[in-house]
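**Student:** run-v4.txt is the file, holding compact mmCIF, C-alpha atoms:
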# COMPACT_ATOMS: atom_id res chain seq x y z
CA MET A 986 91.84 -7.43 -13.56
CA SER A 987 89.84 -4.48 -12.28
CA LYS A 988 86.09 -4.86 -11.99
CA PRO A 989 84.06 -3.31 -14.82
CA ILE A 990 82.63 0.15 -14.20
CA LEU A 991 79.35 0.31 -16.08
CA LEU A 992 77.39 3.29 -17.28
CA SER A 993 74.33 3.09 -15.01
CA THR A 994 73.42 0.02 -12.99
CA PRO A 995 70.46 -0.77 -10.71
CA HIS A 996 70.86 0.33 -7.10
CA MET A 997 68.59 -1.42 -4.63
CA GLY A 998 67.58 -0.05 -1.24
CA ASP A 999 66.42 -1.69 1.99
CA ARG A 1000 62.68 -2.10 1.35
CA GLU A 1001 62.40 -3.69 -2.11
CA GLN A 1002 62.85 -7.28 -0.90
CA GLU A 1003 60.30 -6.70 1.84
CA PHE A 1004 57.65 -5.60 -0.66
CA VAL A 1005 58.51 -8.42 -3.06
CA LYS A 1006 58.30 -10.97 -0.24
CA GLU A 1007 54.87 -9.61 0.62
CA ALA A 1008 53.77 -10.17 -2.98
CA PHE A 1009 54.99 -13.78 -2.80
CA ASP A 1010 53.52 -14.40 0.64
CA THR A 1011 50.10 -13.20 -0.51
CA ASN A 1012 50.43 -14.85 -3.95
CA TRP A 1013 49.84 -11.52 -5.70
CA ILE A 1014 52.13 -12.36 -8.61
CA ALA A 1015 49.78 -11.37 -11.43
CA PRO A 1016 50.00 -8.02 -13.27
CA VAL A 1017 47.62 -6.23 -10.92
CA GLY A 1018 47.42 -6.12 -7.15
CA PRO A 1019 47.86 -3.97 -4.06
CA HIS A 1020 51.47 -3.01 -4.81
CA VAL A 1021 50.44 -1.69 -8.23
CA ASP A 1022 47.71 0.45 -6.69
CA ALA A 1023 50.05 1.71 -3.95
CA PHE A 1024 52.88 2.38 -6.41
CA GLU A 1025 50.59 4.57 -8.52
CA GLN A 1026 49.39 6.50 -5.47
CA GLU A 1027 52.87 6.96 -4.04
CA PHE A 1028 54.24 8.01 -7.42
CA CYS A 1029 51.63 10.75 -7.57
CA GLN A 1030 52.58 11.89 -4.07
CA VAL A 1031 56.27 12.08 -5.00
CA THR A 1032 55.85 13.81 -8.37
CA GLY A 1033 52.75 15.90 -7.85
CA ALA A 1034 50.94 14.11 -10.67
CA ALA A 1035 47.18 13.89 -10.30
CA HIS A 1036 46.62 10.36 -11.62
CA ALA A 1037 48.92 7.53 -12.70
CA ALA A 1038 48.82 4.15 -14.43
CA ALA A 1039 51.69 1.71 -13.92
CA VAL A 1040 52.62 -0.19 -17.08
CA SER A 1041 55.27 -2.57 -18.37
CA SER A 1042 57.67 0.02 -19.83
CA GLY A 1043 58.10 3.67 -20.68
CA THR A 1044 57.63 2.73 -24.33
CA ALA A 1045 54.27 1.14 -23.50
CA ALA A 1046 53.27 4.30 -21.64
CA LEU A 1047 54.17 6.45 -24.65
CA HIS A 1048 52.30 4.12 -27.03
CA LEU A 1049 49.19 4.41 -24.87
CA ALA A 1050 49.58 8.19 -24.55
CA LEU A 1051 49.70 8.67 -28.31
CA GLN A 1052 46.67 6.45 -28.84
CA LEU A 1053 44.71 8.16 -26.08
CA ILE A 1054 45.04 11.57 -27.74
CA GLY A 1055 43.99 10.23 -31.12
CA VAL A 1056 47.22 9.71 -33.05
CA GLY A 1057 46.53 7.36 -35.93
CA TYR A 1058 47.43 6.40 -39.44
CA GLY A 1059 48.68 9.36 -41.47
CA SER A 1060 49.09 11.69 -38.48
CA GLU A 1061 52.22 13.74 -37.97
CA VAL A 1062 53.78 13.93 -34.52
CA ILE A 1063 56.57 16.35 -33.67
CA CYS A 1064 59.33 14.83 -31.57
CA SER A 1065 62.73 15.76 -30.20
CA THR A 1066 65.53 14.43 -32.39
CA LEU A 1067 68.28 14.08 -29.77
CA THR A 1068 66.86 11.10 -27.90
CA PHE A 1069 66.64 7.33 -27.82
CA ALA A 1070 64.61 5.63 -30.56
CA ALA A 1071 61.91 4.64 -28.05
CA SER A 1072 60.72 8.27 -28.04
CA ALA A 1073 59.67 7.94 -31.69
CA ASN A 1074 59.07 4.23 -32.27
CA PRO A 1075 55.55 4.28 -30.77
CA ILE A 1076 54.60 7.03 -33.22
CA THR A 1077 55.20 4.55 -36.02
CA TYR A 1078 53.30 1.77 -34.20
CA LEU A 1079 50.16 3.80 -34.88
CA GLY A 1080 50.93 4.45 -38.55
CA ALA A 1081 51.89 8.06 -37.86
CA LYS A 1082 55.02 9.85 -39.00
CA PRO A 1083 57.52 11.65 -36.76
CA VAL A 1084 58.80 15.13 -37.57
CA PHE A 1085 61.97 15.93 -35.65
CA ILE A 1086 63.03 19.17 -33.97
CA ASP A 1087 66.61 20.15 -33.14
CA SER A 1088 67.99 20.85 -29.67
CA ASP A 1089 68.97 24.10 -28.03
CA ARG A 1090 72.37 24.60 -26.42
CA ILE A 1091 70.94 25.58 -23.04
CA SER A 1092 69.36 22.24 -22.16
CA TRP A 1093 70.20 19.94 -25.12
CA ASN A 1094 66.42 19.49 -25.42
CA MET A 1095 63.85 20.60 -28.00
CA ASN A 1096 64.41 24.17 -29.17
CA PRO A 1097 61.21 26.13 -28.38
CA ASP A 1098 61.86 28.69 -31.14
CA LEU A 1099 62.20 25.97 -33.79
CA LEU A 1100 58.99 24.35 -32.54
CA GLN A 1101 57.14 27.65 -32.85
CA GLU A 1102 58.47 28.19 -36.38
CA ALA A 1103 57.44 24.66 -37.35
CA LEU A 1104 53.91 25.07 -36.01
CA GLU A 1105 53.49 28.49 -37.62
CA GLN A 1106 54.55 27.06 -40.97
CA ARG A 1107 52.26 24.05 -40.65
CA ASP A 1108 49.35 26.22 -39.58
CA ARG A 1109 49.73 28.30 -42.73
CA ILE A 1110 49.33 25.23 -44.91
CA GLY A 1111 46.64 23.64 -42.74
CA LYS A 1112 48.78 20.70 -41.67
CA LEU A 1113 49.17 20.91 -37.91
CA PRO A 1114 50.58 17.83 -36.16
CA LYS A 1115 48.45 15.63 -33.96
CA ALA A 1116 50.79 15.88 -30.98
CA VAL A 1117 54.19 17.02 -29.72
CA VAL A 1118 56.45 14.57 -27.87
CA LEU A 1119 58.87 16.57 -25.73
CA VAL A 1120 61.83 14.63 -24.31
CA HIS A 1121 63.61 15.64 -21.10
CA LEU A 1122 67.12 14.42 -21.82
CA TYR A 1123 69.71 12.88 -19.47
CA GLY A 1124 67.87 14.17 -16.40
CA GLN A 1125 67.64 17.77 -17.66
CA SER A 1126 64.20 19.28 -18.14
CA ALA A 1127 63.44 21.02 -21.39
CA ASP A 1128 62.19 24.61 -21.25
CA ILE A 1129 58.57 23.57 -20.85
CA GLU A 1130 56.66 26.86 -20.55
CA PRO A 1131 57.27 28.27 -24.06
CA ILE A 1132 56.72 24.83 -25.57
CA LEU A 1133 53.45 24.35 -23.69
CA LYS A 1134 52.39 27.89 -24.60
CA VAL A 1135 52.79 27.34 -28.34
CA CYS A 1136 51.13 23.91 -28.14
CA ASN A 1137 48.14 25.47 -26.38
CA GLN A 1138 48.08 28.29 -28.94
CA TYR A 1139 47.49 25.78 -31.72
CA GLY A 1140 45.46 23.28 -29.68
CA ILE A 1141 48.07 20.53 -29.92
CA PRO A 1142 48.38 18.01 -27.07
CA LEU A 1143 51.78 17.88 -25.38
CA ILE A 1144 53.18 14.52 -24.28
CA GLU A 1145 56.24 14.73 -22.03
CA ASP A 1146 58.73 11.90 -22.31
CA ALA A 1147 60.30 12.15 -18.87
CA ALA A 1148 61.78 8.65 -18.99
CA GLU A 1149 65.21 10.04 -18.11
CA ALA A 1150 64.13 12.90 -15.84
CA LEU A 1151 62.47 11.50 -12.72
CA GLY A 1152 63.87 13.49 -9.81
CA ALA A 1153 64.55 16.60 -11.89
CA THR A 1154 62.67 19.88 -11.49
CA TYR A 1155 61.36 22.64 -13.72
CA LYS A 1156 60.55 25.82 -11.79
CA GLY A 1157 59.92 23.73 -8.69
CA ARG A 1158 57.73 21.10 -10.35
CA THR A 1159 58.36 17.65 -11.78
CA PRO A 1160 58.90 17.39 -15.55
CA GLY A 1161 56.21 15.14 -16.98
CA THR A 1162 53.39 16.82 -15.03
CA PHE A 1163 52.89 19.90 -17.25
CA GLY A 1164 51.53 18.51 -20.52
CA ASN A 1165 48.41 16.52 -21.31
CA ILE A 1166 50.24 13.28 -20.51
CA GLY A 1167 53.64 12.45 -19.05
CA ILE A 1168 55.51 9.17 -19.21
CA TYR A 1169 58.36 7.72 -17.13
CA SER A 1170 60.62 4.69 -17.39
CA PHE A 1171 61.85 2.31 -14.70
CA ASN A 1172 64.23 0.40 -16.94
CA GLY A 1173 67.25 -1.12 -15.22
CA ASN A 1174 69.51 1.82 -16.04
CA LYS A 1175 67.21 4.60 -14.85
CA ILE A 1176 67.31 6.69 -11.65
CA ILE A 1177 65.01 4.12 -10.02
CA THR A 1178 64.08 0.79 -11.50
CA THR A 1179 61.45 -1.92 -11.36
CA SER A 1180 63.65 -4.08 -13.62
CA GLY A 1181 61.32 -3.12 -16.43
CA GLY A 1182 58.35 -0.81 -16.09
CA GLY A 1183 56.87 2.59 -16.74
CA MET A 1184 54.25 5.07 -15.62
CA LEU A 1185 51.70 7.21 -17.44
CA VAL A 1186 50.44 10.32 -15.62
CA SER A 1187 47.84 12.97 -16.36
CA ASP A 1188 45.53 15.48 -14.71
CA ASP A 1189 42.68 13.79 -16.61
CA ARG A 1190 41.25 11.02 -14.43
CA ASP A 1191 39.18 9.52 -17.25
CA LEU A 1192 42.15 9.42 -19.59
CA VAL A 1193 44.27 7.52 -17.04
CA ALA A 1194 41.37 5.12 -16.42
CA LYS A 1195 41.24 4.51 -20.18
CA ALA A 1196 44.98 3.87 -20.17
CA ARG A 1197 44.53 1.17 -17.52
CA PHE A 1198 41.67 -0.34 -19.54
CA LEU A 1199 43.71 -0.50 -22.75
CA ALA A 1200 46.75 -1.82 -20.86
CA THR A 1201 44.69 -4.72 -19.50
CA GLN A 1202 43.69 -6.11 -22.91
CA ALA A 1203 40.70 -3.72 -23.11
CA ARG A 1204 38.47 -6.22 -21.38
CA ASP A 1205 34.90 -4.99 -21.13
CA PRO A 1206 33.13 -5.12 -17.73
CA ALA A 1207 31.36 -8.43 -18.26
CA PRO A 1208 31.44 -11.82 -16.48
CA HIS A 1209 32.70 -13.39 -19.72
CA TYR A 1210 35.65 -12.29 -21.83
CA GLN A 1211 34.35 -9.55 -24.09
CA HIS A 1212 36.35 -6.95 -26.01
CA SER A 1213 34.99 -3.97 -27.94
CA GLU A 1214 38.40 -2.40 -28.51
CA ILE A 1215 41.90 -3.64 -29.24
CA GLY A 1216 43.95 -3.68 -26.07
CA TYR A 1217 47.46 -4.51 -24.91
CA ASN A 1218 49.17 -6.61 -22.28
CA TYR A 1219 50.88 -3.56 -20.75
CA ARG A 1220 50.03 -3.64 -17.02
CA LEU A 1221 52.91 -3.73 -14.52
CA SER A 1222 53.18 -6.84 -12.37
CA ASN A 1223 52.49 -6.64 -8.66
CA VAL A 1224 55.96 -8.04 -7.94
CA LEU A 1225 57.75 -5.35 -9.94
CA ALA A 1226 55.52 -2.67 -8.46
CA GLY A 1227 56.77 -3.78 -5.05
CA ILE A 1228 60.32 -3.08 -6.22
CA GLY A 1229 59.16 0.33 -7.44
CA ARG A 1230 57.66 1.19 -4.06
CA GLY A 1231 60.98 0.49 -2.36
CA GLN A 1232 62.87 2.46 -5.00
CA LEU A 1233 60.62 5.50 -4.62
CA GLN A 1234 61.64 5.74 -0.98
CA VAL A 1235 65.27 6.33 -1.96
CA LEU A 1236 64.68 8.54 -5.01
CA ASN A 1237 66.08 11.67 -3.40
CA ASP A 1238 69.19 9.80 -2.28
CA ARG A 1239 69.71 8.41 -5.78
CA VAL A 1240 69.42 11.88 -7.33
CA ALA A 1241 71.82 13.32 -4.77
CA ALA A 1242 74.36 10.60 -5.54
CA ARG A 1243 74.17 11.21 -9.29
CA ARG A 1244 74.49 14.95 -8.83
CA ARG A 1245 77.54 14.30 -6.67
CA ASN A 1246 79.04 12.19 -9.47
CA TYR A 1247 78.72 15.19 -11.75
CA GLU A 1248 80.32 17.50 -9.20
CA VAL A 1249 83.29 15.17 -8.75
CA TYR A 1250 83.78 14.76 -12.50
CA SER A 1251 83.34 18.47 -13.17
CA SER A 1252 85.79 19.48 -10.46
CA ALA A 1253 88.46 17.06 -11.69
CA LEU A 1254 88.00 17.39 -15.46
CA GLY A 1255 86.20 20.67 -16.11
CA ASN A 1256 89.37 22.70 -16.54
CA LEU A 1257 90.90 20.40 -19.16
CA PRO A 1258 91.19 22.08 -22.56
CA GLY A 1259 88.31 21.23 -24.88
CA ILE A 1260 86.02 19.67 -22.26
CA GLU A 1261 82.58 21.13 -21.50
CA PHE A 1262 79.97 19.41 -19.35
CA MET A 1263 76.28 19.34 -20.20
CA PRO A 1264 74.93 22.58 -18.74
CA GLU A 1265 72.25 22.80 -16.09
CA ALA A 1266 69.60 25.22 -17.29
CA SER A 1267 68.63 28.03 -14.92
CA PHE A 1268 64.97 27.01 -14.85
CA GLY A 1269 65.44 23.84 -12.79
CA ASN A 1270 67.63 21.16 -11.28
CA SER A 1271 68.87 18.25 -13.35
CA SER A 1272 68.84 14.80 -11.82
CA ARG A 1273 72.12 14.19 -13.70
CA TRP A 1274 70.82 10.76 -14.68
CA LEU A 1275 73.95 10.58 -16.78
CA THR A 1276 76.92 12.92 -16.58
CA CYS A 1277 77.60 14.01 -20.15
CA LEU A 1278 80.32 16.15 -21.64
CA THR A 1279 81.49 17.34 -25.02
CA ILE A 1280 85.07 17.25 -26.25
CA ASP A 1281 86.69 19.51 -28.83
CA PRO A 1282 89.21 17.07 -30.35
CA GLU A 1283 91.48 19.79 -31.70
CA THR A 1284 91.82 21.42 -28.30
CA PHE A 1285 91.86 18.27 -26.18
CA GLY A 1286 93.97 16.21 -28.56
CA ALA A 1287 91.68 13.19 -28.84
CA ASN A 1288 88.09 12.66 -29.92
CA THR A 1289 85.28 10.95 -28.04
CA GLU A 1290 85.72 7.64 -29.82
CA GLN A 1291 89.40 7.49 -28.96
CA ILE A 1292 88.56 8.21 -25.33
CA ARG A 1293 85.78 5.64 -25.32
CA ILE A 1294 88.10 2.94 -26.66
CA ALA A 1295 90.89 3.85 -24.23
CA LEU A 1296 88.51 3.61 -21.26
CA ALA A 1297 86.96 0.38 -22.55
CA LYS A 1298 90.42 -1.21 -22.41
CA GLN A 1299 90.37 -0.44 -18.70
CA GLN A 1300 86.92 -2.00 -18.20
CA ILE A 1301 85.22 1.40 -18.01
CA GLU A 1302 82.01 1.79 -20.01
CA THR A 1303 81.26 5.11 -21.69
CA ARG A 1304 78.80 5.83 -24.49
CA PRO A 1305 78.35 8.48 -27.15
CA VAL A 1306 75.30 10.67 -26.58
CA TRP A 1307 72.18 9.62 -28.46
CA LYS A 1308 72.52 9.53 -32.21
CA PRO A 1309 69.91 12.01 -33.46
CA LEU A 1310 66.83 10.26 -34.75
CA HIS A 1311 66.89 12.11 -38.07
CA LEU A 1312 70.25 10.39 -38.72
CA GLN A 1313 68.92 6.93 -37.94
CA PRO A 1314 68.38 4.72 -41.01
CA VAL A 1315 64.87 3.76 -39.88
CA PHE A 1316 63.82 7.45 -39.85
CA ALA A 1317 65.84 8.59 -42.87
CA GLU A 1318 62.75 9.75 -44.77
CA CYS A 1319 61.37 11.84 -41.90
CA GLU A 1320 61.59 15.61 -41.87
CA CYS A 1321 63.84 17.38 -39.39
CA ILE A 1322 63.67 21.08 -38.52
CA GLY A 1323 67.24 22.14 -37.87
CA GLY A 1324 69.51 19.35 -36.73
CA GLU A 1325 72.93 20.98 -36.59
CA VAL A 1326 73.04 21.31 -32.79
CA ALA A 1327 72.01 17.69 -32.19
CA GLU A 1328 74.50 16.50 -34.79
CA ASP A 1329 77.30 18.46 -33.13
CA LEU A 1330 76.41 17.12 -29.68
CA PHE A 1331 76.41 13.59 -31.06
CA ALA A 1332 79.76 14.09 -32.76
CA ARG A 1333 81.44 15.46 -29.63
CA GLY A 1334 79.36 14.09 -26.75
CA LEU A 1335 80.27 11.34 -24.31
CA CYS A 1336 78.35 9.86 -21.34
CA LEU A 1337 80.43 8.88 -18.31
CA PRO A 1338 79.63 6.17 -15.75
CA SER A 1339 76.94 7.74 -13.58
CA GLY A 1340 75.33 5.11 -11.36
CA SER A 1341 74.24 6.15 -7.89
CA ASN A 1342 76.22 3.21 -6.48
CA LEU A 1343 79.60 4.34 -7.82
CA THR A 1344 82.28 4.54 -5.14
CA ASP A 1345 84.95 7.19 -4.76
CA THR A 1346 87.41 4.60 -6.05
CA ASP A 1347 85.26 4.06 -9.15
CA LEU A 1348 85.07 7.77 -9.85
CA LYS A 1349 88.81 8.14 -9.40
CA ARG A 1350 89.44 5.32 -11.88
CA VAL A 1351 87.31 7.04 -14.50
CA ILE A 1352 88.94 10.41 -13.89
CA ASP A 1353 92.46 8.97 -13.92
CA ALA A 1354 91.73 7.13 -17.16
CA ILE A 1355 90.65 10.35 -18.89
CA LEU A 1356 93.59 12.25 -17.45
CA SER A 1357 95.86 9.49 -18.76
CA VAL A 1358 94.47 9.95 -22.26
CA TYR A 1359 95.03 13.68 -22.02
CA SER A 1360 98.61 13.26 -20.80
CA LEU A 1361 99.40 11.05 -23.77
CA VAL A 1362 98.08 13.52 -26.35
CA SER A 1363 99.02 16.84 -24.79
Would you encode the structure as structure tokens?
**Tutor:**
Amino acid sequence: MSKPILLSTPHMGDREQEFVKEAFDTNWIAPVGPHVDAFEQEFCQVTGAAHAAAVSSGTAALHLALQLIGVGYGSEVICSTLTFAASANPITYLGAKPVFIDSDRISWNMNPDLLQEALEQRDRIGKLPKAVVLVHLYGQSADIEPILKVCNQYGIPLIEDAAEALGATYKGRTPGTFGNIGIYSFNGNKIITTSGGGMLVSDDRDLVAKARFLATQARDPAPHYQHSEIGYNYRLSNVLAGIGRGQLQVLNDRVAARRRNYEVYSSALGNLPGIEFMPEASFGNSSRWLTCLTIDPETFGANTEQIRIALAKQQIETRPVWKPLHLQPVFAECECIGGEVAEDLFARGLCLPSGSNLTDTDLKRVIDAILSVYSLVS
């Protein structure tokens, strides 16, 4: 039986074990230490962020970001709808309510025009949201400038969820470094991984210092254990930060490999009837974290679910694109502005195996499997 080809697996480099061994040799196993400090500094150097706090997950970083800008019970927070649930779950942790915005076709990310319409309407009734959570999807930056402009116009903090977009660019800069706060994920399936981990970045030094304080159980500076605020156990361990330091050194290589995956898939499959790949917007480079496409079932002859099942029988993992959050049962009562584009992308979208450690043989297996489906239905 052929080996499984998975969607996106960890890809270790040459330095991770060295940094982890150093953590063991020095007994810095606790969730602070020199690797954590160095990882934060090196992350800022790579991304251009001013200040960074390493935490246990991207979700933890987003939870802290929302709390730091004052989201609380009864607040409304605008959020992209075409994304993973972790982009909106932390909104509910704080007793706030998400309001979802549809995607545009150019980037599959939040539609700036719909955001402007939503804020204009809410301003008229005196009900502006407390924040906007902008997701950069599948390695593709959203169109940040018009979104940031309208947020600034109404004095609304912008949080960038760049969990999937490390290594991408927007007009030469790193997505996640434009808004008030940016967050990143180092989950096992991301461009680089620390097994589990995340990063919060901001130009505001005091805000990042407060994030570290809250992430370390909000312990007051006293010789005894004293707490004046509720905190969280969200700090990244020194061991995992060592993995992150090694992974940062190969970030450019990992992005290049994933972009090559896209090029190979696009060249082999892009001319098939009914297939369109996720576009790369003109304002930046996608990291192609995942290579995604849409399929017109009438033109191609099979729908995404039929293709997914056919490939699964050959030990090839594919996934539908994210189910829009406004269609999720847990968010059924939340408002959504638009929704038709995200719903269409979900209905016709498929994510192909995209790991940076895929071999030419792996890519050929995936391509041949899709071509085999097409030959059967054409």
**Student:** Need to verify the contact set: segment 1049-1060 of chain A, 7 Å, all atoms listed in the file, exclusion of same-chain residues closer than 6 positions in sequence. Can you return it as a PyMOL selection string?
**Tutor:** chain A and resi 1079-1082+1114-1115+1166+1196
**Student:** Calculate how many Å separate atom CA of Ala1287 of chain A from atom CA of Thr1068 of chain A, rounding to one decimal.
**Tutor:**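 For atom CA of Ala1287 of chain A relative to atom CA of Thr1068 of chain A, the distance reads 24.9 Å.
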**Student:** Enumerate, as a list of chain:residue names, the protein, DNA and RNA residues whose atoms approach (54.3, 10.5, -33.2) to within 7 Å, taking into account only C-alpha atoms and the coordinate frame of the file.
**Tutor:** A:Leu1051, A:Glu1061, A:Val1062, A:Ile1063, A:Cys1064, A:Ala1073, A:Pro1075, A:Ile1076, A:Thr1077, A:Ala1081, A:Lys1082, A:Pro1083, A:Ala1116
**Student:** Would you be able to write out as JSON, numbers by chain which residues have an atom within 12 Å of (40.2, -7.9, -17.5) in the file's coordinates, counting all atoms listed in the file?
**Tutor:** {"A": [1015, 1016, 1017, 1197, 1198, 1199, 1200, 1201, 1202, 1203, 1204, 1205, 1206, 1207, 1208, 1209, 1210, 1211, 1212, 1216, 1217, 1218, 1219, 1220]}
**Student:** Selected residues, C-alpha atoms, written as a tab-separated table (two decimals), in the frame of the given file, please.
**Tutor:**
chain	number	residue	atom	x	y	z
A	1015	ALA	CA	49.78	-11.37	-11.43
A	1016	PRO	CA	50.00	-8.02	-13.27
A	1017	VAL	CA	47.62	-6.23	-10.92
A	1197	ARG	CA	44.53	1.17	-17.52
A	1198	PHE	CA	41.67	-0.34	-19.54
A	1199	LEU	CA	43.71	-0.50	-22.75
A	1200	ALA	CA	46.75	-1.82	-20.86
A	1201	THR	CA	44.69	-4.72	-19.50
A	1202	GLN	CA	43.69	-6.11	-22.91
A	1203	ALA	CA	40.70	-3.72	-23.11
A	1204	ARG	CA	38.47	-6.22	-21.38
A	1205	ASP	CA	34.90	-4.99	-21.13
A	1206	PRO	CA	33.13	-5.12	-17.73
A	1207	ALA	CA	31.36	-8.43	-18.26
A	1208	PRO	CA	31.44	-11.82	-16.48
A	1209	HIS	CA	32.70	-13.39	-19.72
A	1210	TYR	CA	35.65	-12.29	-21.83
A	1211	GLN	CA	34.35	-9.55	-24.09
A	1212	HIS	CA	36.35	-6.95	-26.01
A	1216	GLY	CA	43.95	-3.68	-26.07
A	1217	TYR	CA	47.46	-4.51	-24.91
A	1218	ASN	CA	49.17	-6.61	-22.28
A	1219	TYR	CA	50.88	-3.56	-20.75
A	1220	ARG	CA	50.03	-3.64	-17.02
**Student:** Please report, as a Markdown table, each residue of segment 1283-1345 of chain A lying at most 12 Å from segment 991-1006 of chain A, together with the nearest pair of atoms and the separation in Å rounded to one decimal; use only C-alpha atoms, and order rows by chain and ascending residue number.
**Tutor:**
| residue | atom | partner | partner_atom | distance |
| --- | --- | --- | --- | --- |
| A:Arg1293 | CA | A:Leu992 | CA | 11.9 |
| A:Leu1296 | CA | A:Leu991 | CA | 11.0 |
| A:Ala1297 | CA | A:Leu991 | CA | 10.0 |
| A:Gln1299 | CA | A:Leu991 | CA | 11.4 |
| A:Gln1300 | CA | A:Leu991 | CA | 8.2 |
| A:Ile1301 | CA | A:Leu991 | CA | 6.3 |
| A:Glu1302 | CA | A:Leu991 | CA | 5.0 |
| A:Thr1303 | CA | A:Leu992 | CA | 6.1 |
| A:Arg1304 | CA | A:Leu992 | CA | 7.8 |
| A:Pro1305 | CA | A:Leu992 | CA | 11.2 |
| A:Leu1335 | CA | A:Leu992 | CA | 11.1 |
| A:Cys1336 | CA | A:Leu992 | CA | 7.8 |
| A:Leu1337 | CA | A:Leu992 | CA | 6.4 |
| A:Pro1338 | CA | A:Leu992 | CA | 4.0 |
| A:Ser1339 | CA | A:Ser993 | CA | 5.5 |
| A:Gly1340 | CA | A:Ser993 | CA | 4.3 |
| A:Ser1341 | CA | A:His996 | CA | 6.8 |
| A:Asn1342 | CA | A:His996 | CA | 6.1 |
| A:Leu1343 | CA | A:Ser993 | CA | 9.0 |
**Student:** Enter the distance from atom CA of Asn1256 of chain A to atom CA of Thr1276 of chain A, in Å, rounded to one decimal.
**Tutor:** 15.8 Å
**Student:** Which of these residues is nearest to Gly1140 of chain A, using all atoms listed in the file: A:Ser1251, A:Gly1164, A:Thr1179, A:Ala1194?
**Tutor:**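 Ranked by minimum distance to Gly1140 of chain A, first place goes to A:Gly1164.
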**Student:** Considering all atoms listed in the file, return as a PyMOL selection string whatever protein or nucleic-acid residues lie within 9 Å of Val1117 of chain A, sequence-local ones (same chain, fewer than 6 positions apart) excluded.
**Tutor:** chain A and resi 1062-1065+1136+1141-1145
**Student:** Can you measure atom CA of Asn1288 of chain A to atom CA of Phe1262 of chain A for me? One decimal in Å is fine.
**Tutor:**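 Between atom CA of Asn1288 of chain A and atom CA of Phe1262 of chain A the gap works out to 14.9 Å.
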**Student:** With all atoms listed in the file as the atoms that count, which of A:Ala1034, A:Leu1275, A:Thr1178, A:Leu1257 lies nearest to Thr1159 of chain A?
**Tutor:**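 Under the stated criterion, the closest residue is A:Ala1034.
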**Student:** Pick out the residues sitting within 7 Å of segment 1182-1190 of chain A, and hand them over as a count of residues only; count all atoms listed in the file, and ignore anything fewer than 3 positions along from it in its own chain.
**Tutor:** 24
**Student:** Would you kindly return, as a ChimeraX atom specification, each protein, DNA or RNA residue with an atom no farther than 7 Å from any atom of Thr1279 of chain A, considering all atoms listed in the file and excluding same-chain residues fewer than 5 positions away?
**Tutor:** /A:1260-1262,1330,1333-1335
**Student:** Quick one: of A:Gly1269, A:Gly1231, A:Gly1181, A:Pro1264, who's nearest to Thr1044 of chain A, counting only C-alpha atoms?
**Tutor:**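 Closest to Thr1044 of chain A of all the choices is A:Gly1181.
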**Student:** Axis-aligned box over every listed atom of segment 1078-1092 of chain A, padded by 3 Å per side: centre and edges in Å to one decimal, as JSON?
**Tutor:**
{"center_x": 61.3, "center_y": 13.7, "center_z": -30.6, "size_x": 28.2, "size_y": 29.8, "size_z": 22.8}
**Student:** Using all atoms listed in the file, which protein or nucleic acid residues come within 8 Å of segment 1130-1134 of chain A? Drop anything in the same chain fewer than 3 positions from it, and give the result as a PyMOL selection string.
**Tutor:** chain A and resi 1097+1100-1101+1137-1138+1143+1163-1164
**Student:** Which is closest to Tyr1359 of chain A among A:Thr1344, A:Ala1317, A:Pro1282, A:Ile1177, if we use all atoms listed in the file?
**Tutor:** A:Pro1282
**Student:** Kindly indicate which residue among A:Glu1214, A:Asp1345, A:Asp1353, A:Asp1128 lies nearest to Lys1195 of chain A, using all atoms listed in the file for the distances.
**Tutor:**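 Looking at the shortest contact to Lys1195 of chain A, the residue is A:Glu1214.
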**Student:** Keeping just N, CA, C and O atoms, export segment 1344-1349 of chain A of this structure as a PDB file, in the first residue's frame.
**Tutor:**
ATOM      1  N   THR A1344       7.494  15.321  -1.994  1.00  0.00           N
ATOM      2  CA  THR A1344       8.458  14.995  -3.043  1.00  0.00           C
ATOM      3  C   THR A1344       7.793  15.127  -4.403  1.00  0.00           C
ATOM      4  O   THR A1344       6.565  15.241  -4.522  1.00  0.00           O
ATOM      5  N   ASP A1345       8.605  15.094  -5.453  1.00  0.00           N
ATOM      6  CA  ASP A1345       8.047  15.095  -6.803  1.00  0.00           C
ATOM      7  C   ASP A1345       7.137  13.892  -7.018  1.00  0.00           C
ATOM      8  O   ASP A1345       6.108  13.993  -7.693  1.00  0.00           O
ATOM      9  N   THR A1346       7.492  12.770  -6.430  1.00  0.00           N
ATOM     10  CA  THR A1346       6.659  11.569  -6.532  1.00  0.00           C
ATOM     11  C   THR A1346       5.311  11.783  -5.856  1.00  0.00           C
ATOM     12  O   THR A1346       4.268  11.372  -6.381  1.00  0.00           O
ATOM     13  N   ASP A1347       5.335  12.433  -4.691  1.00  0.00           N
ATOM     14  CA  ASP A1347       4.077  12.737  -3.995  1.00  0.00           C
ATOM     15  C   ASP A1347       3.183  13.622  -4.859  1.00  0.00           C
ATOM     16  O   ASP A1347       1.975  13.356  -5.009  1.00  0.00           O
ATOM     17  N   LEU A1348       3.757  14.676  -5.398  1.00  0.00           N
ATOM     18  CA  LEU A1348       2.977  15.601  -6.207  1.00  0.00           C
ATOM     19  C   LEU A1348       2.402  14.893  -7.430  1.00  0.00           C
ATOM     20  O   LEU A1348       1.235  15.116  -7.800  1.00  0.00           O
ATOM     21  N   LYS A1349       3.192  14.035  -8.029  1.00  0.00           N
ATOM     22  CA  LYS A1349       2.712  13.297  -9.203  1.00  0.00           C
ATOM     23  C   LYS A1349       1.554  12.377  -8.835  1.00  0.00           C
ATOM     24  O   LYS A1349       0.585  12.239  -9.609  1.00  0.00           O
TER      25      LYS A1349
END
